[in-house]
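Enquirer: I am sharing entry11.txt, which consists of compact mmCIF, C-alpha atoms:
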# COMPACT_ATOMS: atom_id res chain seq x y z
CA MET M 1 27.40 -2.79 14.12
CA ALA M 2 31.15 -2.76 14.43
CA ASP M 3 33.28 -2.91 11.31
CA ALA M 4 30.57 -1.49 9.08
CA GLN M 5 30.89 -0.01 5.63
CA LYS M 6 34.49 0.76 4.65
CA LYS M 7 34.41 1.35 0.90
CA THR M 8 31.96 3.12 -1.38
CA THR M 9 31.37 2.53 -5.07
CA SER M 10 31.21 5.34 -7.61
CA ARG M 11 28.40 5.82 -10.08
CA ARG M 12 30.81 5.06 -12.90
CA GLU M 13 31.64 1.69 -11.35
CA LEU M 14 27.96 0.92 -10.73
CA ALA M 15 27.15 1.79 -14.36
CA ARG M 16 29.07 -1.31 -15.46
CA ASN M 17 25.88 -3.19 -14.62
CA PRO M 18 23.62 -2.95 -17.72
CA ARG M 19 20.53 -2.55 -15.51
CA PHE M 20 21.90 0.37 -13.52
CA GLU M 21 20.83 3.24 -15.80
CA GLN M 22 17.33 1.82 -15.89
CA VAL M 23 16.87 1.72 -12.12
CA SER M 24 18.86 4.90 -11.37
CA PRO M 25 18.43 7.30 -14.32
CA GLU M 26 19.71 10.31 -12.36
CA VAL M 27 21.99 10.97 -9.39
CA GLY M 28 20.17 10.32 -6.13
CA GLU M 29 17.28 8.49 -7.82
CA LEU M 30 16.07 4.92 -7.58
CA ASP M 31 13.10 3.91 -9.74
CA GLU M 32 11.17 1.29 -7.78
CA ALA M 33 8.97 0.43 -10.77
CA ALA M 34 12.08 -0.32 -12.79
CA VAL M 35 13.41 -2.45 -9.93
CA ASP M 36 10.13 -4.39 -9.83
CA GLU M 37 10.34 -5.02 -13.58
CA SER M 38 13.95 -6.13 -13.24
CA MET M 39 12.99 -8.47 -10.38
CA ARG M 40 10.50 -10.19 -12.68
CA ASP M 41 13.13 -10.61 -15.40
CA ASP M 42 16.08 -11.74 -13.26
CA PRO M 43 15.63 -11.64 -9.47
CA ASP M 44 19.15 -12.81 -8.63
CA GLU M 45 20.89 -10.20 -10.76
CA THR M 46 18.54 -7.49 -9.50
CA MET M 47 19.15 -8.33 -5.85
CA ALA M 48 22.88 -8.48 -6.52
CA MET M 49 22.71 -5.01 -8.05
CA LEU M 50 20.72 -3.64 -5.10
CA ALA M 51 23.31 -5.07 -2.72
CA ASP M 52 26.02 -3.21 -4.64
CA LEU M 53 23.96 0.00 -4.60
CA THR M 54 23.99 -0.06 -0.79
CA ALA M 55 27.68 0.88 -1.10
CA ALA M 56 27.11 3.75 -3.55
CA THR M 57 29.18 6.89 -3.08
CA ASP M 58 25.97 8.91 -3.54
CA PRO M 59 24.49 8.97 0.01
CA LYS M 60 20.89 9.43 -1.16
CA LEU M 61 21.08 6.51 -3.59
CA ARG M 62 22.82 4.41 -0.94
CA GLU M 63 20.04 5.00 1.58
CA LEU M 64 17.25 4.42 -0.96
CA ALA M 65 18.88 1.17 -2.06
CA ARG M 66 19.32 -0.03 1.51
CA ARG M 67 15.68 0.60 2.35
CA LEU M 68 14.37 -1.01 -0.82
CA ALA M 69 16.71 -4.00 -0.59
CA GLY M 70 15.80 -4.55 3.03
CA ARG M 71 12.09 -4.52 2.23
CA LEU M 72 12.44 -6.84 -0.77
CA PHE M 73 14.66 -9.29 1.09
CA LEU M 74 12.29 -9.44 4.07
CA GLU M 75 9.31 -9.99 1.75
CA LEU M 76 11.17 -12.80 0.00
CA SER M 77 11.98 -14.44 3.34
CA ARG M 78 8.30 -14.66 4.32
CA ARG M 79 7.26 -17.03 1.58
CA GLY M 80 6.12 -20.42 2.83
CA PRO M 81 6.06 -21.83 6.37
CA ALA M 82 7.57 -19.46 8.89
CA ARG M 83 9.09 -21.57 11.63
CA PRO M 84 10.48 -25.09 12.07
CA ARG M 85 8.54 -27.00 14.69
CA GLY M 86 11.29 -28.87 16.49
CA VAL M 87 10.85 -32.12 18.41
CA GLY M 88 7.93 -32.44 20.82
CA LYS M 89 8.31 -33.24 24.54
CA LEU M 90 5.78 -34.74 26.95
CA VAL M 91 5.53 -32.39 29.94
CA GLU M 92 3.25 -31.53 32.85
CA GLN M 93 1.00 -28.55 32.10
CA ARG M 94 -1.87 -26.60 33.62
CA TYR M 95 -5.25 -28.13 32.84
CA ARG M 96 -6.92 -27.36 29.51
CA PRO M 97 -9.59 -29.61 28.00
CA ASP M 98 -7.52 -30.14 24.83
CA ALA M 99 -4.04 -30.18 26.38
CA GLY M 100 -3.65 -33.89 27.07
CA ASP M 101 -4.44 -36.66 29.56
CA LEU M 102 -5.13 -35.89 33.21
CA ASP M 103 -2.08 -36.42 35.41
CA VAL M 104 -3.81 -38.14 38.32
CA ASP M 105 -0.79 -38.10 40.65
CA ALA M 106 -0.16 -34.38 40.17
CA SER M 107 -3.90 -33.61 40.52
CA MET M 108 -4.62 -35.90 43.50
CA ASP M 109 -5.00 -33.13 46.11
CA ALA M 110 -7.57 -31.31 44.01
CA LEU M 111 -9.53 -34.53 43.40
CA VAL M 112 -9.52 -35.51 47.09
CA ASP M 113 -10.63 -32.06 48.22
CA ALA M 114 -13.56 -32.24 45.77
CA GLY M 115 -14.88 -35.25 47.69
CA GLY M 116 -15.73 -37.17 44.53
CA ASP M 117 -17.95 -34.41 43.16
CA PRO M 118 -16.65 -33.32 39.71
CA ARG M 119 -18.48 -30.00 40.06
CA ARG M 120 -16.31 -29.08 43.05
CA VAL M 121 -12.98 -29.77 41.37
CA ASP M 122 -10.88 -26.62 41.00
CA PRO M 123 -9.53 -26.75 37.42
CA GLU M 124 -6.68 -24.40 38.37
CA ARG M 125 -5.28 -27.18 40.56
CA LEU M 126 -5.47 -29.89 37.91
CA ARG M 127 -2.50 -30.94 35.79
CA VAL M 128 -2.30 -32.80 32.50
CA ARG M 129 0.47 -34.55 30.57
CA GLY M 130 0.69 -33.23 27.03
CA TRP M 131 3.01 -32.72 24.11
CA VAL M 132 4.55 -29.31 23.55
CA GLN M 133 6.73 -28.03 20.75
CA PRO M 134 9.86 -26.35 22.11
CA GLY M 135 11.27 -23.27 20.47
CA THR M 136 14.06 -23.33 17.91
CA ALA M 137 17.17 -21.19 18.23
CA LEU M 138 19.07 -20.30 15.06
CA CYS M 139 22.54 -18.86 14.54
CA LEU M 140 23.51 -17.72 11.05
CA LEU M 141 27.22 -17.52 10.22
CA VAL M 142 28.06 -15.43 7.15
CA ASP M 143 31.49 -15.89 5.57
CA ARG M 144 32.79 -12.42 4.65
CA SER M 145 36.40 -13.39 3.99
CA GLY M 146 36.23 -13.34 0.19
CA SER M 147 34.30 -11.25 -2.28
CA MET M 148 31.41 -9.68 -0.35
CA GLY M 149 29.31 -7.78 -2.85
CA GLY M 150 26.71 -8.52 -5.49
CA LYS M 151 25.22 -12.01 -5.25
CA PRO M 152 27.20 -13.19 -2.19
CA LEU M 153 26.14 -10.11 -0.21
CA ALA M 154 22.52 -10.33 -1.37
CA THR M 155 22.47 -14.05 -0.52
CA SER M 156 23.76 -13.32 2.99
CA ALA M 157 21.17 -10.58 3.52
CA VAL M 158 18.28 -12.79 2.36
CA ALA M 159 19.53 -15.58 4.64
CA ALA M 160 19.57 -13.15 7.58
CA ALA M 161 16.01 -12.08 6.73
CA ALA M 162 14.90 -15.72 6.53
CA VAL M 163 16.44 -16.56 9.91
CA ALA M 164 14.82 -13.50 11.50
CA TRP M 165 11.45 -14.58 10.10
CA ARG M 166 11.71 -18.25 11.08
CA SER M 167 12.83 -17.65 14.67
CA PRO M 168 12.20 -13.97 15.51
CA ALA M 169 12.53 -14.37 19.28
CA ASP M 170 15.68 -16.48 19.37
CA TYR M 171 18.36 -16.04 16.71
CA SER M 172 21.79 -14.54 16.12
CA VAL M 173 23.73 -13.45 13.05
CA LEU M 174 27.54 -13.57 12.86
CA ALA M 175 29.86 -12.38 10.09
CA PHE M 176 33.34 -13.85 10.06
CA GLY M 177 36.64 -13.49 8.27
CA LYS M 178 39.76 -13.04 10.36
CA ASP M 179 37.53 -11.92 13.23
CA VAL M 180 33.89 -12.54 14.13
CA VAL M 181 31.43 -9.62 14.03
CA VAL M 182 28.16 -10.09 15.92
CA ALA M 183 25.48 -8.44 13.78
CA LYS M 184 22.77 -9.68 16.12
CA SER M 185 23.29 -11.42 19.46
CA GLN M 186 21.09 -14.32 20.56
CA ASP M 187 19.68 -12.57 23.60
CA VAL M 188 19.43 -9.01 22.25
CA VAL M 189 16.25 -7.65 20.69
CA LYS M 190 16.87 -6.15 17.25
CA SER M 191 14.49 -5.63 14.34
CA GLY M 192 14.83 -7.79 11.26
CA GLU M 193 15.08 -4.62 9.17
CA GLN M 194 18.11 -3.45 11.12
CA VAL M 195 19.79 -6.85 10.98
CA VAL M 196 19.39 -6.98 7.19
CA SER M 197 20.69 -3.42 6.91
CA ASP M 198 23.74 -4.31 9.00
CA VAL M 199 24.48 -7.35 6.85
CA LEU M 200 24.20 -5.19 3.73
CA SER M 201 26.88 -2.91 5.18
CA LEU M 202 29.42 -5.76 5.18
CA ARG M 203 32.25 -5.93 2.69
CA GLY M 204 34.64 -8.83 2.24
CA PHE M 205 38.13 -8.85 3.64
CA GLY M 206 40.65 -10.92 5.51
CA THR M 207 41.32 -14.58 6.12
CA THR M 208 38.84 -17.26 7.15
CA ASP M 209 38.72 -18.37 10.79
CA LEU M 210 36.09 -21.08 10.42
CA ALA M 211 36.88 -22.77 13.75
CA GLY M 212 36.69 -19.48 15.65
CA ALA M 213 33.35 -18.62 14.04
CA LEU M 214 31.86 -21.98 15.00
CA GLN M 215 33.03 -21.52 18.58
CA VAL M 216 31.28 -18.14 18.77
CA ALA M 217 28.14 -19.73 17.27
CA ARG M 218 28.22 -22.40 19.97
CA ASP M 219 28.49 -19.69 22.64
CA GLN M 220 25.61 -17.71 21.12
CA LEU M 221 23.34 -20.75 20.96
CA GLY M 222 24.35 -21.60 24.52
CA ARG M 223 22.49 -18.48 25.67
CA SER M 224 19.21 -19.95 24.46
CA ARG M 225 16.85 -22.27 26.36
CA ALA M 226 15.25 -23.56 23.17
CA GLY M 227 14.74 -27.29 22.73
CA ARG M 228 16.37 -27.21 19.29
CA LYS M 229 19.53 -25.25 18.43
CA VAL M 230 20.79 -24.97 14.87
CA ALA M 231 23.81 -23.18 13.40
CA ILE M 232 23.57 -22.27 9.70
CA LEU M 233 26.95 -21.80 8.04
CA LEU M 234 26.86 -19.81 4.79
CA SER M 235 30.32 -20.52 3.39
CA ASP M 236 32.49 -22.42 0.95
CA CYS M 237 34.30 -23.70 4.09
CA ARG M 238 37.83 -22.86 2.94
CA ALA M 239 39.49 -22.23 6.28
CA THR M 240 42.74 -20.23 6.09
CA VAL M 241 43.40 -19.75 9.81
CA GLU M 242 44.80 -22.43 12.11
CA GLY M 243 42.23 -24.30 14.14
CA ASP M 244 40.09 -27.41 13.92
CA PRO M 245 36.65 -26.51 12.51
CA VAL M 246 35.47 -30.12 12.69
CA GLU M 247 36.18 -30.23 16.42
CA ALA M 248 34.47 -26.85 16.85
CA ALA M 249 31.44 -28.12 14.93
CA ARG M 250 31.07 -31.03 17.34
CA GLY M 251 30.15 -28.55 20.06
CA ILE M 252 27.01 -27.54 18.13
CA ASP M 253 23.78 -29.56 18.38
CA GLU M 254 22.84 -29.19 14.70
CA LEU M 255 24.90 -27.69 11.89
CA VAL M 256 23.66 -26.87 8.40
CA VAL M 257 26.15 -25.84 5.70
CA VAL M 258 24.87 -23.66 2.85
CA ALA M 259 27.42 -23.52 0.03
CA PRO M 260 27.41 -21.78 -3.36
CA GLU M 261 26.19 -23.98 -6.18
CA GLY M 262 29.08 -25.03 -8.39
CA ASP M 263 31.66 -24.37 -5.67
CA SER M 264 30.69 -26.76 -2.90
CA ASP M 265 33.32 -29.54 -2.91
CA GLU M 266 35.19 -28.34 0.17
CA ALA M 267 31.94 -27.53 1.95
CA ALA M 268 30.65 -31.04 1.20
CA ALA M 269 33.86 -32.61 2.54
CA PHE M 270 33.67 -30.51 5.70
CA ALA M 271 29.98 -31.36 6.19
CA ARG M 272 30.75 -35.09 5.97
CA ARG M 273 33.53 -34.85 8.55
CA ALA M 274 31.47 -32.66 10.88
CA GLY M 275 28.24 -34.63 10.58
CA ALA M 276 26.44 -31.58 9.18
CA ARG M 277 23.65 -31.33 6.61
CA LEU M 278 24.55 -29.67 3.31
CA THR M 279 22.58 -27.68 0.78
CA THR M 280 23.61 -25.40 -2.06
CA VAL M 281 22.19 -22.15 -3.41
CA ARG M 282 22.57 -20.64 -6.85
CA GLY M 283 21.82 -17.11 -5.64
CA PRO M 284 19.72 -15.03 -3.23
CA SER M 285 16.37 -16.13 -4.68
CA SER M 286 17.00 -19.77 -3.73
CA VAL M 287 18.04 -19.24 -0.09
CA VAL M 288 14.58 -19.36 1.49
CA GLU M 289 13.62 -22.64 -0.17
CA ALA M 290 17.02 -24.17 0.65
CA LEU M 291 16.66 -23.32 4.34
CA ARG M 292 13.11 -24.66 4.36
CA GLU M 293 14.32 -27.99 3.03
CA VAL M 294 17.18 -28.46 5.48
CA LEU M 295 15.46 -27.04 8.57
CA GLY M 296 12.08 -28.73 8.09
For the file at hand, write its structure as structure tokens.

Expert:
Amino acid sequence: MADAQKKTTSRRELARNPRFEQVSPEVGELDEAAVDESMRDDPDETMAMLADLTAATDPKLRELARRLAGRLFLELSRRGPARPRGVGKLVEQRYRPDAGDLDVDASMDALVDAGGDPRRVDPERLRVRGWVQPGTALCLLVDRSGSMGGKPLATSAVAAAAVAWRSPADYSVLAFGKDVVVAKSQDVVKSGEQVVSDVLSLRGFGTTDLAGALQVARDQLGRSRAGRKVAILLSDCRATVEGDPVEAARGIDELVVVAPEGDSDEAAAFARRAGARLTTVRGPSSVVEALREVLG
């Protein structure tokens, strides 16, 4: 991914976290048992620490942390129902006994050729009218304009894992500040593990082009043929670049705003103006449930 890791963090800086010595007692080591124990005590702080460790100066520790964080975040994302169902549509389909009612008009030739004998009807030529559930396309927008480490970074990575799990065949992940970085394009195959790893490589910088990010999200979702298209905006919605984010939001079928708990006033105001749904998260451990509630 373009614009990947820029800055590393020394062991001395990492040691400011009181849990660090427990999970990394020596250079190049990461004690998974200690991480598991820490996850039971305080999952949000532990995931925040792992996110910071993915920027460690020590390359071995950095790689171990990235692998472990990716695995934990993906496991967390798989709790509960996997995919939103979308809105059903009544369409013509090939015949199956349980697919719906026979479409007599579309099946007339097969019925006539059978001469009134049901045994002679070719089922391959029959059509039914039945309800189908269309796919759902998701586009996650991660705001990287401010502080992008610890809890904000872990929250973004868990959100990316959750989106990859809910809609594995049709999703995109964007990171935006002054510019928009496409971590995963809508129509490009990429493993969830790699997407999470790429998000973990992000560090905050720059201004906030909210309108530009929403325009890119609209373009990404436009590549999908899904019946339902949803953009998920993970941001406090403080735009600092000229543009009209409300107008940009109107080009998106559905918009969900996910704001940090305790700092959501501007996000709530933007959601009202844009006709978006709003939810808040207190940290990475609450992202999956929050998305489940707003996506259905």

Enquirer: Please report the interatomic distance between CA of Ile232 in chain M and CA of Gly283 in chain M in Å with one decimal.

Expert: 16.3 Å

Enquirer: If you measure from CA of Thr240 in chain M to CA of Leu140 in chain M, what distance in Å do you get, rounded to one decimal?

Expert: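 Result for CA of Thr240 in chain M versus CA of Leu140 in chain M: 20.0 Å, one decimal.
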
Enquirer: Just how far from CA of Arg66 in chain M is CA of Ser286 in chain M, in Å to one decimal?

Expert: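 Answer for the CA of Ser286 in chain M to CA of Arg66 in chain M separation: 20.6 Å.
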
Enquirer: Name the closest residue to Thr207 in chain M among the candidates M:Cys237, M:Leu68, M:Ala106, M:Ala157; distances are taken between atoms, counting only C-alpha atoms.

Expert: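 Closest residue, counting only C-alpha atoms: M:Cys237.
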
Enquirer: Would you write out, as CSV, a table of all residues in range 134-169 of chain M that have an atom no more than 12 Å from an atom of range 214-217 of chain M, listing for each the closest atom pair and the distance in Å to one decimal, considering all atoms listed in the file and ordering rows by chain and rising residue number?

Expert:
residue,atom,partner,partner_atom,distance
M:Ala137,CA,M:Ala217,CA,11.1
M:Leu138,CA,M:Ala217,CA,9.4
M:Cys139,CA,M:Ala217,CA,6.3
M:Leu140,CA,M:Ala217,CA,8.0
M:Leu141,CA,M:Ala217,CA,7.4
M:Val142,CA,M:Leu214,CA,10.9
M:Asp143,CA,M:Leu214,CA,11.2

Enquirer: Pull C-alpha atoms from the residues just selected and write them as a PDB file, in the frame of the given file.

Expert:
ATOM      1  CA  ALA M 137      17.170 -21.190  18.230  1.00  0.00           C
ATOM      2  CA  LEU M 138      19.070 -20.300  15.060  1.00  0.00           C
ATOM      3  CA  CYS M 139      22.540 -18.860  14.540  1.00  0.00           C
ATOM      4  CA  LEU M 140      23.510 -17.720  11.050  1.00  0.00           C
ATOM      5  CA  LEU M 141      27.220 -17.520  10.220  1.00  0.00           C
ATOM      6  CA  VAL M 142      28.060 -15.430   7.150  1.00  0.00           C
ATOM      7  CA  ASP M 143      31.490 -15.890   5.570  1.00  0.00           C
TER       8      ASP M 143
END

Enquirer: Go through M:Leu255, M:Glu266, M:Val112, M:Leu210 and flag the residue nearest Asp236 in chain M, using all atoms listed in the file for the distances.

Expert: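 The shortest atom-to-atom distance to Asp236 in chain M comes from M:Glu266.
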
Enquirer: Between M:Gly135, M:Thr279, M:Pro25, M:Ala249, which has the minimum distance to Gly262 in chain M (counting all atoms listed in the file)?

Expert: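 Of all the options, M:Thr279 lies closest to Gly262 in chain M.
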
Enquirer: Tell me which of M:Arg125, M:Arg78, M:Arg71, M:Arg11 sits closest to Leu53 in chain M, counting only C-alpha atoms.

Expert: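 Under the stated criterion, the closest residue is M:Arg11.
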
Enquirer: As a PDB file with C-alpha atoms, in the coordinates of the input, please: the residues near Val257 in chain M (cut-off 10 Å, all atoms listed in the file, same-chain neighbours under 6 positions excluded).

Expert:
ATOM      1  CA  LEU M 141      27.220 -17.520  10.220  1.00  0.00           C
ATOM      2  CA  ALA M 231      23.810 -23.180  13.400  1.00  0.00           C
ATOM      3  CA  ILE M 232      23.570 -22.270   9.700  1.00  0.00           C
ATOM      4  CA  LEU M 233      26.950 -21.800   8.040  1.00  0.00           C
ATOM      5  CA  LEU M 234      26.860 -19.810   4.790  1.00  0.00           C
ATOM      6  CA  SER M 235      30.320 -20.520   3.390  1.00  0.00           C
ATOM      7  CA  ASP M 236      32.490 -22.420   0.950  1.00  0.00           C
ATOM      8  CA  CYS M 237      34.300 -23.700   4.090  1.00  0.00           C
ATOM      9  CA  SER M 264      30.690 -26.760  -2.900  1.00  0.00           C
ATOM     10  CA  ALA M 267      31.940 -27.530   1.950  1.00  0.00           C
ATOM     11  CA  ALA M 268      30.650 -31.040   1.200  1.00  0.00           C
ATOM     12  CA  PHE M 270      33.670 -30.510   5.700  1.00  0.00           C
ATOM     13  CA  ALA M 271      29.980 -31.360   6.190  1.00  0.00           C
ATOM     14  CA  ALA M 276      26.440 -31.580   9.180  1.00  0.00           C
ATOM     15  CA  ARG M 277      23.650 -31.330   6.610  1.00  0.00           C
ATOM     16  CA  LEU M 278      24.550 -29.670   3.310  1.00  0.00           C
ATOM     17  CA  THR M 279      22.580 -27.680   0.780  1.00  0.00           C
ATOM     18  CA  THR M 280      23.610 -25.400  -2.060  1.00  0.00           C
ATOM     19  CA  LEU M 291      16.660 -23.320   4.340  1.00  0.00           C
ATOM     20  CA  VAL M 294      17.180 -28.460   5.480  1.00  0.00           C
TER      21      VAL M 294
END

Enquirer: Please provide the set of residues having any atom within 10 Å of Val188 in chain M, restricted to only C-alpha atoms, with same-chain residues fewer than 4 positions apart removed, written as an MDAnalysis selection string.

Expert: chainID M and resid 169:172 184

Enquirer: With all atoms listed in the file as the basis for distance, which of M:Ala290, M:Leu74, M:Ala226, M:Val180 is at the shortest distance from Ala164 in chain M?

Expert: M:Leu74

Enquirer: Which one is closest to Arg12 in chain M: M:Leu50, M:Ala183, M:Ala56, M:Ala175? Count all atoms listed in the file.

Expert: M:Ala56
